[in-house]
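Have a look at work38.pdb below; it lists PDB, C-alpha atoms.
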ATOM      1  CA  MET A1236       1.795 -18.471  17.959  1.00  0.00           C
ATOM      2  CA  SER A1237      -0.591 -19.237  15.123  1.00  0.00           C
ATOM      3  CA  ILE A1238      -1.385 -16.851  12.298  1.00  0.00           C
ATOM      4  CA  ARG A1239      -4.862 -16.395  13.767  1.00  0.00           C
ATOM      5  CA  GLU A1240      -3.363 -15.448  17.142  1.00  0.00           C
ATOM      6  CA  ASN A1241      -0.865 -13.108  15.486  1.00  0.00           C
ATOM      7  CA  ILE A1242      -3.664 -11.352  13.591  1.00  0.00           C
ATOM      8  CA  ALA A1243      -5.650 -10.940  16.809  1.00  0.00           C
ATOM      9  CA  GLY A1244      -2.582  -9.426  18.478  1.00  0.00           C
ATOM     10  CA  VAL A1245      -1.992  -7.019  15.587  1.00  0.00           C
ATOM     11  CA  ARG A1246      -5.648  -5.957  15.660  1.00  0.00           C
ATOM     12  CA  GLU A1247      -5.381  -5.217  19.395  1.00  0.00           C
ATOM     13  CA  ARG A1248      -2.332  -3.030  18.735  1.00  0.00           C
ATOM     14  CA  VAL A1249      -4.157  -1.265  15.887  1.00  0.00           C
ATOM     15  CA  GLU A1250      -7.098  -0.549  18.202  1.00  0.00           C
ATOM     16  CA  ALA A1251      -4.821   0.804  20.941  1.00  0.00           C
ATOM     17  CA  ALA A1252      -2.969   3.073  18.510  1.00  0.00           C
ATOM     18  CA  ALA A1253      -6.256   4.279  17.027  1.00  0.00           C
ATOM     19  CA  LEU A1254      -7.502   5.107  20.516  1.00  0.00           C
ATOM     20  CA  ARG A1255      -4.367   7.138  21.183  1.00  0.00           C
ATOM     21  CA  SER A1256      -4.895   9.042  17.943  1.00  0.00           C
ATOM     22  CA  GLY A1257      -8.556   9.721  18.688  1.00  0.00           C
ATOM     23  CA  ARG A1258      -9.886   7.712  15.760  1.00  0.00           C
ATOM     24  CA  PRO A1259     -12.063   4.598  15.518  1.00  0.00           C
ATOM     25  CA  SER A1260     -10.055   1.488  14.668  1.00  0.00           C
ATOM     26  CA  GLY A1261     -12.533   0.805  11.870  1.00  0.00           C
ATOM     27  CA  ASP A1262     -10.973   3.712   9.975  1.00  0.00           C
ATOM     28  CA  ILE A1263      -7.701   1.785   9.646  1.00  0.00           C
ATOM     29  CA  ALA A1264      -7.390  -1.088   7.173  1.00  0.00           C
ATOM     30  CA  LEU A1265      -5.099  -4.004   7.976  1.00  0.00           C
ATOM     31  CA  MET A1266      -3.309  -5.299   4.883  1.00  0.00           C
ATOM     32  CA  ALA A1267      -1.514  -8.638   5.118  1.00  0.00           C
ATOM     33  CA  VAL A1268       1.729  -8.574   3.121  1.00  0.00           C
ATOM     34  CA  THR A1269       1.952 -12.037   1.611  1.00  0.00           C
ATOM     35  CA  LYS A1270       5.077 -11.857  -0.536  1.00  0.00           C
ATOM     36  CA  THR A1271       7.085 -15.117  -0.461  1.00  0.00           C
ATOM     37  CA  HIS A1272       4.200 -16.883   1.324  1.00  0.00           C
ATOM     38  CA  PRO A1273       2.450 -19.820  -0.381  1.00  0.00           C
ATOM     39  CA  PRO A1274      -1.298 -20.089  -1.050  1.00  0.00           C
ATOM     40  CA  GLU A1275      -1.985 -22.269   2.003  1.00  0.00           C
ATOM     41  CA  ILE A1276      -0.584 -19.573   4.317  1.00  0.00           C
ATOM     42  CA  ILE A1277      -2.682 -16.915   2.588  1.00  0.00           C
ATOM     43  CA  ARG A1278      -5.727 -19.138   3.070  1.00  0.00           C
ATOM     44  CA  GLU A1279      -4.975 -19.302   6.780  1.00  0.00           C
ATOM     45  CA  ALA A1280      -4.975 -15.509   7.022  1.00  0.00           C
ATOM     46  CA  TYR A1281      -8.177 -15.364   4.993  1.00  0.00           C
ATOM     47  CA  GLY A1282      -9.761 -17.923   7.316  1.00  0.00           C
ATOM     48  CA  ALA A1283      -8.822 -15.691  10.246  1.00  0.00           C
ATOM     49  CA  GLY A1284     -10.847 -12.856   8.715  1.00  0.00           C
ATOM     50  CA  LEU A1285      -8.381 -10.869   6.615  1.00  0.00           C
ATOM     51  CA  ARG A1286      -9.563  -9.710   3.196  1.00  0.00           C
ATOM     52  CA  LEU A1287      -6.912  -7.175   2.152  1.00  0.00           C
ATOM     53  CA  PHE A1288      -3.609  -8.510   0.826  1.00  0.00           C
ATOM     54  CA  GLY A1289      -0.474  -6.918  -0.592  1.00  0.00           C
ATOM     55  CA  GLU A1290       2.073  -8.473  -2.944  1.00  0.00           C
ATOM     56  CA  ASN A1291       5.415  -7.058  -4.084  1.00  0.00           C
ATOM     57  CA  ARG A1292       6.143  -8.864  -7.336  1.00  0.00           C
ATOM     58  CA  VAL A1293       3.923  -9.399 -10.343  1.00  0.00           C
ATOM     59  CA  GLN A1294       5.627 -12.611 -11.425  1.00  0.00           C
ATOM     60  CA  GLU A1295       5.495 -14.184  -7.970  1.00  0.00           C
ATOM     61  CA  PHE A1296       1.810 -13.424  -7.511  1.00  0.00           C
ATOM     62  CA  ALA A1297       0.992 -14.672 -11.010  1.00  0.00           C
ATOM     63  CA  GLY A1298       2.360 -18.048  -9.935  1.00  0.00           C
ATOM     64  CA  LYS A1299      -0.052 -18.417  -7.043  1.00  0.00           C
ATOM     65  CA  ALA A1300      -3.096 -16.339  -8.072  1.00  0.00           C
ATOM     66  CA  GLY A1301      -4.898 -19.323  -9.560  1.00  0.00           C
ATOM     67  CA  ALA A1302      -4.648 -21.276  -6.313  1.00  0.00           C
ATOM     68  CA  ILE A1303      -6.397 -18.525  -4.328  1.00  0.00           C
ATOM     69  CA  ALA A1304      -8.828 -17.250  -6.954  1.00  0.00           C
ATOM     70  CA  ASP A1305     -11.744 -18.738  -5.019  1.00  0.00           C
ATOM     71  CA  LEU A1306     -11.244 -16.527  -1.946  1.00  0.00           C
ATOM     72  CA  ALA A1307     -14.441 -14.474  -2.244  1.00  0.00           C
ATOM     73  CA  GLY A1308     -14.155 -10.846  -1.251  1.00  0.00           C
ATOM     74  CA  ALA A1309     -10.352 -10.834  -1.107  1.00  0.00           C
ATOM     75  CA  GLU A1310      -8.631  -7.692  -2.413  1.00  0.00           C
ATOM     76  CA  TRP A1311      -5.182  -7.925  -3.974  1.00  0.00           C
ATOM     77  CA  HIS A1312      -2.938  -4.855  -4.078  1.00  0.00           C
ATOM     78  CA  MET A1313       0.416  -4.444  -5.807  1.00  0.00           C
ATOM     79  CA  ILE A1314       2.624  -2.667  -3.259  1.00  0.00           C
ATOM     80  CA  GLY A1315       6.122  -3.182  -4.669  1.00  0.00           C
ATOM     81  CA  HIS A1316       7.985  -1.259  -7.336  1.00  0.00           C
ATOM     82  CA  LEU A1317       6.321  -1.850 -10.701  1.00  0.00           C
ATOM     83  CA  GLN A1318       8.155  -1.715 -14.018  1.00  0.00           C
ATOM     84  CA  THR A1319       6.198  -0.230 -16.894  1.00  0.00           C
ATOM     85  CA  ASN A1320       6.600  -3.393 -18.980  1.00  0.00           C
ATOM     86  CA  LYS A1321       4.637  -5.321 -16.332  1.00  0.00           C
ATOM     87  CA  ALA A1322       1.789  -2.811 -16.097  1.00  0.00           C
ATOM     88  CA  ALA A1323      -0.680  -4.829 -18.188  1.00  0.00           C
ATOM     89  CA  LYS A1324      -0.097  -8.003 -16.170  1.00  0.00           C
ATOM     90  CA  ALA A1325      -0.449  -6.035 -12.937  1.00  0.00           C
ATOM     91  CA  VAL A1326      -3.823  -4.681 -14.068  1.00  0.00           C
ATOM     92  CA  GLU A1327      -4.899  -8.225 -14.901  1.00  0.00           C
ATOM     93  CA  LEU A1328      -3.916  -9.580 -11.476  1.00  0.00           C
ATOM     94  CA  PHE A1329      -4.571  -6.755  -9.034  1.00  0.00           C
ATOM     95  CA  GLY A1330      -7.478  -4.519  -8.094  1.00  0.00           C
ATOM     96  CA  ALA A1331      -5.125  -1.718  -7.041  1.00  0.00           C
ATOM     97  CA  VAL A1332      -1.552  -0.554  -7.510  1.00  0.00           C
ATOM     98  CA  ASP A1333      -0.307   1.285  -4.425  1.00  0.00           C
ATOM     99  CA  SER A1334       3.166   2.138  -5.739  1.00  0.00           C
ATOM    100  CA  VAL A1335       2.735   4.483  -8.707  1.00  0.00           C
ATOM    101  CA  ASP A1336       5.835   6.657  -9.033  1.00  0.00           C
ATOM    102  CA  SER A1337       5.743   8.228 -12.494  1.00  0.00           C
ATOM    103  CA  VAL A1338       3.405   9.636 -15.094  1.00  0.00           C
ATOM    104  CA  LYS A1339       4.740   7.064 -17.563  1.00  0.00           C
ATOM    105  CA  LEU A1340       3.695   4.187 -15.287  1.00  0.00           C
ATOM    106  CA  ALA A1341       0.300   5.790 -14.648  1.00  0.00           C
ATOM    107  CA  GLU A1342      -0.253   6.108 -18.405  1.00  0.00           C
ATOM    108  CA  LYS A1343       0.652   2.442 -18.965  1.00  0.00           C
ATOM    109  CA  LEU A1344      -1.729   1.355 -16.195  1.00  0.00           C
ATOM    110  CA  ASP A1345      -4.486   3.555 -17.585  1.00  0.00           C
ATOM    111  CA  ALA A1346      -4.080   2.127 -21.092  1.00  0.00           C
ATOM    112  CA  ALA A1347      -4.082  -1.451 -19.783  1.00  0.00           C
ATOM    113  CA  ALA A1348      -7.123  -0.817 -17.585  1.00  0.00           C
ATOM    114  CA  ARG A1349      -9.022   0.647 -20.548  1.00  0.00           C
ATOM    115  CA  GLU A1350      -8.118  -2.342 -22.696  1.00  0.00           C
ATOM    116  CA  GLN A1351      -9.225  -4.774 -19.977  1.00  0.00           C
ATOM    117  CA  GLY A1352     -12.385  -2.817 -19.157  1.00  0.00           C
ATOM    118  CA  LYS A1353     -11.330  -2.197 -15.580  1.00  0.00           C
ATOM    119  CA  LYS A1354     -11.223   0.717 -13.158  1.00  0.00           C
ATOM    120  CA  LEU A1355      -7.952   0.565 -11.236  1.00  0.00           C
ATOM    121  CA  SER A1356      -7.369   2.208  -7.862  1.00  0.00           C
ATOM    122  CA  ILE A1357      -3.902   3.673  -7.391  1.00  0.00           C
ATOM    123  CA  LEU A1358      -1.831   5.342  -4.707  1.00  0.00           C
ATOM    124  CA  ILE A1359       1.120   7.617  -5.404  1.00  0.00           C
ATOM    125  CA  GLU A1360       4.265   6.388  -3.683  1.00  0.00           C
ATOM    126  CA  ILE A1361       6.171   9.118  -1.855  1.00  0.00           C
ATOM    127  CA  ASN A1362       9.912   8.695  -1.261  1.00  0.00           C
ATOM    128  CA  VAL A1363       9.763  10.752   1.906  1.00  0.00           C
ATOM    129  CA  GLY A1364      13.364  10.118   2.959  1.00  0.00           C
ATOM    130  CA  GLY A1365      14.944  10.850  -0.419  1.00  0.00           C
ATOM    131  CA  GLU A1366      16.602   7.426  -0.416  1.00  0.00           C
ATOM    132  CA  ALA A1367      18.257   6.516  -3.709  1.00  0.00           C
ATOM    133  CA  ALA A1368      17.574   2.798  -3.212  1.00  0.00           C
ATOM    134  CA  LYS A1369      13.822   3.327  -2.902  1.00  0.00           C
ATOM    135  CA  SER A1370      11.243   4.128  -5.531  1.00  0.00           C
ATOM    136  CA  GLY A1371       8.657   6.861  -5.182  1.00  0.00           C
ATOM    137  CA  VAL A1372       8.455  10.547  -5.982  1.00  0.00           C
ATOM    138  CA  ALA A1373       9.843  13.275  -3.759  1.00  0.00           C
ATOM    139  CA  PRO A1374       7.225  15.223  -1.771  1.00  0.00           C
ATOM    140  CA  ASP A1375       8.063  18.514  -3.497  1.00  0.00           C
ATOM    141  CA  SER A1376       8.899  17.151  -6.935  1.00  0.00           C
ATOM    142  CA  ARG A1377       7.714  18.083 -10.401  1.00  0.00           C
ATOM    143  CA  GLU A1378       6.911  14.400 -10.951  1.00  0.00           C
ATOM    144  CA  LEU A1379       4.356  14.474  -8.132  1.00  0.00           C
ATOM    145  CA  GLU A1380       2.738  17.605  -9.535  1.00  0.00           C
ATOM    146  CA  ASP A1381       2.664  16.097 -13.019  1.00  0.00           C
ATOM    147  CA  LEU A1382       0.974  12.959 -11.663  1.00  0.00           C
ATOM    148  CA  LEU A1383      -1.706  14.964  -9.891  1.00  0.00           C
ATOM    149  CA  LEU A1384      -2.398  17.102 -12.948  1.00  0.00           C
ATOM    150  CA  ALA A1385      -2.539  14.033 -15.211  1.00  0.00           C
ATOM    151  CA  ALA A1386      -5.383  12.469 -13.203  1.00  0.00           C
ATOM    152  CA  PRO A1387      -8.319  13.936 -15.186  1.00  0.00           C
ATOM    153  CA  ARG A1388      -7.140  12.406 -18.483  1.00  0.00           C
ATOM    154  CA  LEU A1389      -6.320   9.018 -16.930  1.00  0.00           C
ATOM    155  CA  ASP A1390      -9.941   8.163 -16.359  1.00  0.00           C
ATOM    156  CA  ALA A1391      -9.468   4.404 -16.038  1.00  0.00           C
ATOM    157  CA  LEU A1392      -7.542   5.146 -12.836  1.00  0.00           C
ATOM    158  CA  GLU A1393      -8.842   6.227  -9.453  1.00  0.00           C
ATOM    159  CA  PHE A1394      -6.290   8.343  -7.599  1.00  0.00           C
ATOM    160  CA  ARG A1395      -7.045   7.422  -3.979  1.00  0.00           C
ATOM    161  CA  GLY A1396      -4.148   8.751  -1.908  1.00  0.00           C
ATOM    162  CA  LEU A1397      -0.518   8.286  -0.943  1.00  0.00           C
ATOM    163  CA  MET A1398       1.789   5.470   0.172  1.00  0.00           C
ATOM    164  CA  THR A1399       5.215   5.661   1.761  1.00  0.00           C
ATOM    165  CA  VAL A1400       8.034   3.591   3.249  1.00  0.00           C
ATOM    166  CA  PRO A1401      10.152   5.815   5.509  1.00  0.00           C
ATOM    167  CA  PRO A1402      13.850   5.260   6.234  1.00  0.00           C
ATOM    168  CA  PHE A1403      14.277   2.345   8.622  1.00  0.00           C
ATOM    169  CA  THR A1404      15.167   3.148  12.223  1.00  0.00           C
ATOM    170  CA  ASP A1405      15.605   0.684  15.087  1.00  0.00           C
ATOM    171  CA  ASP A1406      13.379   2.906  17.195  1.00  0.00           C
ATOM    172  CA  PRO A1407       9.924   3.038  15.554  1.00  0.00           C
ATOM    173  CA  ASP A1408       9.460   6.573  16.828  1.00  0.00           C
ATOM    174  CA  GLY A1409      12.254   7.613  14.494  1.00  0.00           C
ATOM    175  CA  ALA A1410       9.783   7.283  11.626  1.00  0.00           C
ATOM    176  CA  ARG A1411       7.282   9.681  13.201  1.00  0.00           C
ATOM    177  CA  SER A1412       8.507  12.844  11.484  1.00  0.00           C
ATOM    178  CA  TYR A1413       8.403  11.097   8.087  1.00  0.00           C
ATOM    179  CA  PHE A1414       4.865   9.841   8.621  1.00  0.00           C
ATOM    180  CA  ARG A1415       3.802  13.299   9.730  1.00  0.00           C
ATOM    181  CA  LYS A1416       5.315  14.883   6.633  1.00  0.00           C
ATOM    182  CA  VAL A1417       3.390  12.550   4.301  1.00  0.00           C
ATOM    183  CA  ARG A1418       0.161  13.101   6.227  1.00  0.00           C
ATOM    184  CA  GLN A1419       0.630  16.867   5.901  1.00  0.00           C
ATOM    185  CA  LEU A1420       1.331  16.419   2.184  1.00  0.00           C
ATOM    186  CA  ARG A1421      -1.879  14.450   1.809  1.00  0.00           C
ATOM    187  CA  GLU A1422      -3.816  17.203   3.609  1.00  0.00           C
ATOM    188  CA  ALA A1423      -2.263  19.875   1.388  1.00  0.00           C
ATOM    189  CA  ILE A1424      -3.193  17.967  -1.775  1.00  0.00           C
ATOM    190  CA  ALA A1425      -6.731  17.318  -0.519  1.00  0.00           C
ATOM    191  CA  ALA A1426      -7.182  21.019   0.224  1.00  0.00           C
ATOM    192  CA  ARG A1427      -6.491  21.833  -3.437  1.00  0.00           C
ATOM    193  CA  LYS A1428      -9.633  19.881  -4.471  1.00  0.00           C
ATOM    194  CA  LEU A1429      -8.012  18.725  -7.687  1.00  0.00           C
ATOM    195  CA  VAL A1430     -10.179  17.148 -10.380  1.00  0.00           C
ATOM    196  CA  ALA A1431     -10.169  13.319 -10.263  1.00  0.00           C
ATOM    197  CA  VAL A1432      -7.854  13.187  -7.241  1.00  0.00           C
ATOM    198  CA  GLN A1433      -9.130  11.707  -3.997  1.00  0.00           C
ATOM    199  CA  MET A1434      -6.995  11.693  -0.865  1.00  0.00           C
ATOM    200  CA  ASP A1435      -8.942   9.295   1.332  1.00  0.00           C
ATOM    201  CA  THR A1436      -6.138   6.732   1.710  1.00  0.00           C
ATOM    202  CA  LEU A1437      -2.822   7.098   3.497  1.00  0.00           C
ATOM    203  CA  SER A1438      -0.932   3.803   3.392  1.00  0.00           C
ATOM    204  CA  MET A1439       1.978   3.874   5.810  1.00  0.00           C
ATOM    205  CA  GLY A1440       3.339   1.714   8.573  1.00  0.00           C
ATOM    206  CA  MET A1441       4.684  -1.833   8.563  1.00  0.00           C
ATOM    207  CA  SER A1442       5.296  -4.492  11.229  1.00  0.00           C
ATOM    208  CA  HIS A1443       7.885  -2.542  13.214  1.00  0.00           C
ATOM    209  CA  ASP A1444       6.333   0.937  13.070  1.00  0.00           C
ATOM    210  CA  PHE A1445       2.610   0.683  12.241  1.00  0.00           C
ATOM    211  CA  GLU A1446       1.500   1.974  15.642  1.00  0.00           C
ATOM    212  CA  VAL A1447       3.437   5.215  15.155  1.00  0.00           C
ATOM    213  CA  ALA A1448       2.029   5.461  11.616  1.00  0.00           C
ATOM    214  CA  ILE A1449      -1.522   5.170  12.954  1.00  0.00           C
ATOM    215  CA  GLU A1450      -0.832   7.855  15.533  1.00  0.00           C
ATOM    216  CA  GLU A1451       0.280  10.087  12.664  1.00  0.00           C
ATOM    217  CA  GLY A1452      -2.795   9.476  10.506  1.00  0.00           C
ATOM    218  CA  SER A1453      -2.323   6.243   8.548  1.00  0.00           C
ATOM    219  CA  THR A1454      -5.530   4.723   7.166  1.00  0.00           C
ATOM    220  CA  CYS A1455      -3.892   1.475   5.997  1.00  0.00           C
ATOM    221  CA  VAL A1456      -1.037  -0.479   7.579  1.00  0.00           C
ATOM    222  CA  ARG A1457       0.888  -3.133   5.636  1.00  0.00           C
ATOM    223  CA  VAL A1458       1.852  -5.957   7.978  1.00  0.00           C
ATOM    224  CA  GLY A1459       3.802  -9.069   7.042  1.00  0.00           C
ATOM    225  CA  THR A1460       6.283 -10.240   9.660  1.00  0.00           C
ATOM    226  CA  ALA A1461       4.023  -9.553  12.661  1.00  0.00           C
ATOM    227  CA  ILE A1462       1.400 -11.851  11.089  1.00  0.00           C
ATOM    228  CA  PHE A1463       3.424 -14.524   9.292  1.00  0.00           C
ATOM    229  CA  GLY A1464       6.821 -14.424  11.010  1.00  0.00           C
ATOM    230  CA  GLU A1465      10.141 -13.820   9.294  1.00  0.00           C
ATOM    231  CA  ARG A1466      10.075 -14.301   5.509  1.00  0.00           C
ATOM    232  CA  ALA A1467      12.036 -17.059   3.858  1.00  0.00           C
ATOM    233  CA  LYS A1468      15.380 -15.829   2.507  1.00  0.00           C
ATOM    234  CA  ARG A1469      15.540 -15.564  -1.263  1.00  0.00           C
TER     235      ARG A1469
END

Take the structure I supplied and represent it as structure tokens, if you would.
Amino acid sequence: MSIRENIAGVRERVEAAALRSGRPSGDIALMAVTKTHPPEIIREAYGAGLRLFGENRVQEFAGKAGAIADLAGAEWHMIGHLQTNKAAKAVELFGAVDSVDSVKLAEKLDAAAREQGKKLSILIEINVGGEAAKSGVAPDSRELEDLLLAAPRLDALEFRGLMTVPPFTDDPDGARSYFRKVRQLREAIAARKLVAVQMDTLSMGMSHDFEVAIEEGSTCVRVGTAIFGERAKR
């Protein structure tokens, strides 16, 4: 199937999951994960109507950003783990960083955004499964609290919500409890009405489990394989 056909199929599944969760499908953003894919493939997805794109590596995206700079209205989000020494380059390349996992990284992004005269949207990454191999802050950690309380002084950043990647299970329903936990965390943070902290975005769900994520409250699903096919091995 073509990328256009794959996107249409994913949108149908998003709509069905939204219907099951009692929400309009327009409340759920579809992000195409374009890591390892060349500019011509990204252009195909853009031509099929997608405008929201996620990349995992600063260096990789830097190598292709120039070739897709003319795609009007496209939004580029950093969704992979970001090292603090690449914060300035990330601010230069991306309109949002959806994987903030420390106060130190947030401070580096804030400083770079100030220097570049930008306002940068961020999401806090939650390591909901406590997996050592994954980045993110634990749901009940001091680091999460410190990030939330730092928001008012990091005024070049817009704290927009949470992102998570749950432990992988062959059965997509196995991720349901993790998605639910992050949604409940988002609701608890929103209820605190913290200064400079918005909780309007909940980024969770990928190709194999995005329907379950939508049923549990996701507002943004990050889909790569279901749109582009299996990634090239690196």

Region 1301-1320 of chain A, all listed atoms, 4 Å padding on each side: what axis-aligned box centre and edge lengths in Å to one decimal come out, as JSON?
{"center_x": -3.1, "center_y": -10.8, "center_z": -10.0, "size_x": 30.6, "size_y": 29.0, "size_z": 25.9}

Counting only C-alpha atoms, give me one row per residue of region 1366-1396 of chain A with an atom at most 10 Å from an atom of region 1413-1426 of chain A, showing the shortest contact pair and its distance in Å to one decimal, sorted by chain then residue number, as a tab-separated table.
residue	atom	partner	partner_atom	distance
A:Pro1374	CA	A:Leu1420	CA	7.2
A:Asp1375	CA	A:Leu1420	CA	9.1
A:Glu1380	CA	A:Ile1424	CA	9.8
A:Leu1383	CA	A:Ile1424	CA	8.8
A:Gly1396	CA	A:Arg1421	CA	7.2

Contacts of Glu1342 (chain A) within 10 Å, all atoms listed in the file, excl. fewer than 6 positions in-chain, as a PyMOL selection string: chain A and resi 1319+1322+1348+1382+1385-1386+1388-1389+1391-1392

Output C-alpha atoms of each residue in that selection to a file, as a compact mmCIF listing (two decimals), in the frame of the given file.
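part_3.txt was written with the following content:
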# COMPACT_ATOMS: atom_id res chain seq x y z
CA THR A 1319 6.20 -0.23 -16.89
CA ALA A 1322 1.79 -2.81 -16.10
CA ALA A 1348 -7.12 -0.82 -17.58
CA LEU A 1382 0.97 12.96 -11.66
CA ALA A 1385 -2.54 14.03 -15.21
CA ALA A 1386 -5.38 12.47 -13.20
CA ARG A 1388 -7.14 12.41 -18.48
CA LEU A 1389 -6.32 9.02 -16.93
CA ALA A 1391 -9.47 4.40 -16.04
CA LEU A 1392 -7.54 5.15 -12.84

All residues 7 Å or closer to region 1274-1288 of chain A, all atoms listed in the file, same chain fewer than 6 positions away omitted, as a PyMOL selection string: chain A and resi 1238-1239+1265-1268+1299+1302-1303+1308-1312

Residue neighbourhood Phe1296 (chain A), 10 Å, only C-alpha atoms, exclusion window fewer than 3 positions, as a list of chain:residue names: A:Thr1269, A:Lys1270, A:Thr1271, A:His1272, A:Pro1273, A:Pro1274, A:Gly1289, A:Glu1290, A:Asn1291, A:Arg1292, A:Val1293, A:Lys1299, A:Ala1300, A:Gly1301, A:Trp1311, A:Met1313, A:Ala1325, A:Leu1328, A:Phe1329

Starting from the displayed file, determine the output of the PyMOL selection byres ((chain A and resi 1323) around 12) and express the residue list as a list in words. Val1293, Leu1317, Gln1318, Thr1319, Asn1320, Lys1321, Ala1322, Lys1324, Ala1325, Val1326, Glu1327, Leu1328, Phe1329, Val1332, Leu1340, Ala1341, Glu1342, Lys1343, Leu1344, Asp1345, Ala1346, Ala1347, Ala1348, Arg1349, Glu1350, Gln1351, Gly1352, Lys1353 and Leu1355 of chain A

State, in Å with one decimal place, the distance from CA of Thr1436 (chain A) to CA of Met1398 (chain A). 8.2 Å

Return as a PyMOL selection string the set of residues that the PyMOL selection byres ((chain A and resi 1453-1466) around 6) yields on the displayed structure. chain A and resi 1238+1241-1242+1263-1268+1436-1442+1448-1449+1452+1467

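For the pair CA of Asp1336 (chain A) and CA of Lys1369 (chain A), the separation is 10.6 Å.
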
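The space separating CA of Ala1410 (chain A) from CA of Phe1445 (chain A) comes to 9.8 Å.
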
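Compared by their closest atoms to Arg1411 (chain A), and using only C-alpha atoms, the residues A:Val1447, A:Ile1314, A:Ala1331, A:Ala1368 rank with A:Val1447 nearest.
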
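Comparing the minimum interatomic distances between Gly1330 (chain A) and each of A:Met1434, A:Ile1357, A:Ala1243, A:Leu1397, counting all atoms listed in the file, we find that A:Ile1357 sits nearest.
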
Run the PyMOL selection byres ((chain A and resi 1250) around 12) against the file shown and list the residues it catches, as a PDB file with C-alpha atoms, in the frame of the given file.
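Dumped to result_8.pdb:
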ATOM      1  CA  ALA A1243      -5.650 -10.940  16.809  1.00  0.00           C
ATOM      2  CA  GLY A1244      -2.582  -9.426  18.478  1.00  0.00           C
ATOM      3  CA  VAL A1245      -1.992  -7.019  15.587  1.00  0.00           C
ATOM      4  CA  ARG A1246      -5.648  -5.957  15.660  1.00  0.00           C
ATOM      5  CA  GLU A1247      -5.381  -5.217  19.395  1.00  0.00           C
ATOM      6  CA  ARG A1248      -2.332  -3.030  18.735  1.00  0.00           C
ATOM      7  CA  VAL A1249      -4.157  -1.265  15.887  1.00  0.00           C
ATOM      8  CA  ALA A1251      -4.821   0.804  20.941  1.00  0.00           C
ATOM      9  CA  ALA A1252      -2.969   3.073  18.510  1.00  0.00           C
ATOM     10  CA  ALA A1253      -6.256   4.279  17.027  1.00  0.00           C
ATOM     11  CA  LEU A1254      -7.502   5.107  20.516  1.00  0.00           C
ATOM     12  CA  ARG A1255      -4.367   7.138  21.183  1.00  0.00           C
ATOM     13  CA  SER A1256      -4.895   9.042  17.943  1.00  0.00           C
ATOM     14  CA  GLY A1257      -8.556   9.721  18.688  1.00  0.00           C
ATOM     15  CA  ARG A1258      -9.886   7.712  15.760  1.00  0.00           C
ATOM     16  CA  PRO A1259     -12.063   4.598  15.518  1.00  0.00           C
ATOM     17  CA  SER A1260     -10.055   1.488  14.668  1.00  0.00           C
ATOM     18  CA  GLY A1261     -12.533   0.805  11.870  1.00  0.00           C
ATOM     19  CA  ASP A1262     -10.973   3.712   9.975  1.00  0.00           C
ATOM     20  CA  ILE A1263      -7.701   1.785   9.646  1.00  0.00           C
ATOM     21  CA  ALA A1264      -7.390  -1.088   7.173  1.00  0.00           C
ATOM     22  CA  LEU A1265      -5.099  -4.004   7.976  1.00  0.00           C
ATOM     23  CA  PHE A1445       2.610   0.683  12.241  1.00  0.00           C
ATOM     24  CA  GLU A1446       1.500   1.974  15.642  1.00  0.00           C
ATOM     25  CA  ILE A1449      -1.522   5.170  12.954  1.00  0.00           C
ATOM     26  CA  GLU A1450      -0.832   7.855  15.533  1.00  0.00           C
TER      27      GLU A1450
END

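Here the question is which of A:Ser1237, A:Gln1433, A:Ser1412, A:Asn1362 gets nearest to Leu1379 (chain A) using only C-alpha atoms, and that residue is A:Asn1362.
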
Selected residue, from A:Arg1427, A:Ala1373, A:Glu1378, A:Asp1390, that lies nearest to Lys1354 (chain A) when counting only C-alpha atoms: A:Asp1390

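Nearest-residue note for Val1338 (chain A): choosing from A:Met1236, A:Asp1444, A:Asp1381, A:Ser1370, the minimum distance belongs to A:Asp1381, counting all atoms listed in the file.
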
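Counting all atoms listed in the file, the residue from A:Glu1366, A:Gly1409, A:Pro1401, A:Leu1384 that sits nearest to Lys1428 (chain A) is A:Leu1384.
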